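Worksheet: the structure to be examined is printed underneath.
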Amino acid sequence: MSLVELIAQADDRGLAASGLACLDRCVPLLGGDDEILRPLWASLADSGDVGDWGERLEHARGRLGAAEEPGEGEAALLARRMLEAAPVERSGAQVRVWADACSVAALQIHRMLDPLEDEASSVDSRREGRTEGMSPLVAAELRRQVAVLELLAGHGAGGLRRALEVSIEGRRVLQAVVSRRARRG
């Protein structure tokens, strides 16, 4: 199943986890650490009150800084927009739009940072399942996005721990890429 199809079929928790995972993997671009989004992940595990999501989101925004920093690169601006666009309510149409936008933004970020060229004209074809000539960093991000959605679809809240592990792995990869680029530049 393509990423687009998985997003279309996901429930609210799956969509929120998908968007959060994309954002979490891109946190190194915003200067965040491994723990900054952990409270949001915890709110997804809670089956009861979804209201904690909004409070925890605002706290994360405050810690990551809401304003765009002068001199931020395009990849960091995309990551910041993912954070700012996150809906205060983690249910309904807004979370679906956000998850979809985060998917596109995360793939674009990985495409920008990949030293190898991706042959596709846009990430849309990748999300639809056309993977011929895909660059390694984009391919890995696509696999992670699919894995998160499949874990939540197959295991519900029980898949959150593994989804977080997938996200942490991706965050560390992106952090290494960002560090490598900083040393060169």
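Starting from 1 in every chain, residues are counted up; chains themselves are A, B, ... following the order of the structure tokens, and ligands are numbered from 1 as listed.
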Q. Which parts of stretch 27-148 of chain A does DSSP call alpha helix (DSSP H) when run on the backbone here, written out as an MDAnalysis selection string?
A. chainID A and resid 38:45 52:64 74:85 93:113 124:127 136:148
Can those selected residues be exported to a file as a short mmCIF file (atom, residue, chain, number, x, y, z; two decimals), in the first residue's frame so that it contains C-alpha atoms?
data_model
loop_
_atom_site.label_atom_id
_atom_site.label_comp_id
_atom_site.auth_asym_id
_atom_site.auth_seq_id
_atom_site.Cartn_x
_atom_site.Cartn_y
_atom_site.Cartn_z
CA ARG A 38 8.34 12.96 24.33
CA PRO A 39 5.32 14.46 26.18
CA LEU A 40 3.38 14.55 22.89
CA TRP A 41 4.19 10.89 22.28
CA ALA A 42 2.98 10.14 25.82
CA SER A 43 -0.31 11.92 25.15
CA LEU A 44 -0.90 9.60 22.18
CA ALA A 45 -0.51 6.60 24.46
CA ASP A 52 -3.34 17.15 26.95
CA TRP A 53 -2.10 17.19 23.35
CA GLY A 54 -2.71 20.94 22.95
CA GLU A 55 -0.99 21.84 26.22
CA ARG A 56 1.98 19.67 25.46
CA LEU A 57 2.18 21.03 21.93
CA GLU A 58 2.31 24.61 23.18
CA HIS A 59 5.03 23.64 25.64
CA ALA A 60 7.11 22.07 22.82
CA ARG A 61 6.60 25.14 20.65
CA GLY A 62 7.83 27.35 23.47
CA ARG A 63 10.92 25.22 24.02
CA LEU A 64 11.76 25.09 20.32
CA GLU A 74 15.08 26.05 3.84
CA ALA A 75 15.05 22.63 5.52
CA ALA A 76 14.83 24.22 8.98
CA LEU A 77 12.04 26.53 7.81
CA LEU A 78 10.04 23.51 6.62
CA ALA A 79 10.56 21.81 9.99
CA ARG A 80 9.50 24.96 11.83
CA ARG A 81 6.35 25.17 9.69
CA MET A 82 5.50 21.57 10.60
CA LEU A 83 5.68 22.52 14.27
CA GLU A 84 3.64 25.70 13.83
CA ALA A 85 0.97 23.95 11.72
CA ALA A 93 -9.86 16.91 9.56
CA GLN A 94 -7.09 19.21 10.78
CA VAL A 95 -4.92 16.35 12.00
CA ARG A 96 -5.31 14.60 8.62
CA VAL A 97 -4.22 17.73 6.74
CA TRP A 98 -1.30 18.19 9.14
CA ALA A 99 -0.13 14.57 8.87
CA ASP A 100 -0.23 14.76 5.08
CA ALA A 101 1.66 18.07 5.04
CA CYS A 102 4.26 16.73 7.49
CA SER A 103 4.80 13.71 5.27
CA VAL A 104 5.50 15.92 2.26
CA ALA A 105 7.69 18.34 4.25
CA ALA A 106 9.77 15.57 5.85
CA LEU A 107 10.41 13.98 2.47
CA GLN A 108 11.34 17.36 1.00
CA ILE A 109 13.72 18.02 3.89
CA HIS A 110 15.42 14.66 3.41
CA ARG A 111 15.61 15.30 -0.32
CA MET A 112 17.27 18.70 0.26
CA LEU A 113 19.81 17.23 2.68
CA ASP A 124 4.47 13.16 -4.57
CA SER A 125 5.46 10.30 -6.85
CA ARG A 126 7.42 8.75 -3.98
CA ARG A 127 4.41 8.96 -1.69
CA PRO A 136 19.00 6.79 -0.07
CA LEU A 137 18.01 9.42 2.50
CA VAL A 138 14.58 9.93 0.89
CA ALA A 139 14.08 6.15 0.60
CA ALA A 140 14.83 5.70 4.30
CA GLU A 141 12.42 8.50 5.27
CA LEU A 142 9.69 7.00 3.10
CA ARG A 143 10.20 3.58 4.74
CA ARG A 144 9.98 5.16 8.20
CA GLN A 145 6.76 7.00 7.36
CA VAL A 146 5.19 3.79 6.05
CA ALA A 147 6.42 1.82 9.09
CA VAL A 148 4.88 4.29 11.57
#
**Q.** Polymer residues at most 10 Å from A:Ala10, only C-alpha atoms, same-chain spacing of 5 or more positions, as a list in words
**A.** Glu5, Leu15, Ala16, Ala17, Ser18, Arg96, Ala99, Leu149, Glu150, Leu152 and Ala153 of chain A
Atoms kept (N, CA, C and O atoms) for selection, written as a compact mmCIF listing (two decimals), in the first residue's frame:
# COMPACT_ATOMS: atom_id res chain seq x y z
N GLU A 5 -2.14 6.11 0.48
CA GLU A 5 -3.26 5.24 0.88
C GLU A 5 -3.26 4.98 2.38
O GLU A 5 -4.32 4.96 3.01
N LEU A 15 -2.82 9.24 12.52
CA LEU A 15 -2.46 10.49 11.83
C LEU A 15 -1.61 11.39 12.72
O LEU A 15 -0.61 11.95 12.27
N ALA A 16 -2.01 11.51 13.99
CA ALA A 16 -1.24 12.34 14.92
C ALA A 16 0.16 11.76 15.10
O ALA A 16 1.15 12.50 15.10
N ALA A 17 0.26 10.44 15.21
CA ALA A 17 1.57 9.79 15.36
C ALA A 17 2.40 9.97 14.10
O ALA A 17 3.62 10.21 14.17
N SER A 18 1.78 9.89 12.95
CA SER A 18 2.49 10.06 11.69
C SER A 18 3.07 11.47 11.57
O SER A 18 4.26 11.65 11.27
N ARG A 96 -5.57 15.28 9.89
CA ARG A 96 -5.31 14.60 8.62
C ARG A 96 -4.52 15.51 7.68
O ARG A 96 -3.54 15.10 7.06
N ALA A 99 -0.92 15.78 9.09
CA ALA A 99 -0.13 14.57 8.87
C ALA A 99 0.32 14.48 7.41
O ALA A 99 1.48 14.15 7.13
N LEU A 149 2.92 4.35 10.14
CA LEU A 149 1.49 4.18 9.86
C LEU A 149 1.06 2.72 9.95
O LEU A 149 -0.02 2.41 10.47
N GLU A 150 1.89 1.80 9.47
CA GLU A 150 1.56 0.38 9.56
C GLU A 150 1.54 -0.11 11.01
O GLU A 150 0.67 -0.90 11.39
N LEU A 152 0.81 1.65 13.70
CA LEU A 152 -0.39 2.16 14.36
C LEU A 152 -1.65 1.49 13.83
O LEU A 152 -2.57 1.22 14.59
N ALA A 153 -1.68 1.21 12.53
CA ALA A 153 -2.84 0.54 11.95
C ALA A 153 -2.96 -0.89 12.48
O ALA A 153 -4.05 -1.37 12.76
Q. In Å, how far is it from atom CA of A:Glu119 to atom CA of A:Met1?
A.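 Spanning atom CA of A:Glu119 to atom CA of A:Met1 is a straight-line distance of 21.7 Å.
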Q | Given only C-alpha atoms as the counted atoms, nearest of A:Gly14, A:Cys22, A:Pro115, A:Glu89 to A:Gly158 | A |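 Looking at the shortest contact to A:Gly158, the residue is A:Gly14.
A straight line drawn from atom CA of A:Ala120 to atom CA of A:Leu23 is 22.9 Å long.
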Q | Nearest to A:Met134 by atom-to-atom distance, counting only C-alpha atoms, from A:Gly73, A:Ala21, A:Leu160, A:Ser122 | A | A:Ser122
Q.
Just to confirm, what's the straight-line distance from atom CA of A:Arg172 to atom CA of A:Asp33 in Å (one decimal)?
A.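 These two atoms are separated by 10.4 Å.
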Q) Using only C-alpha atoms, which of the listed residues (A:Asp114, A:Asp24, A:Glu128, A:Asp34) sits closest to A:Arg180? A)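 With only C-alpha atoms as the atom set, the closest residue is A:Asp114.
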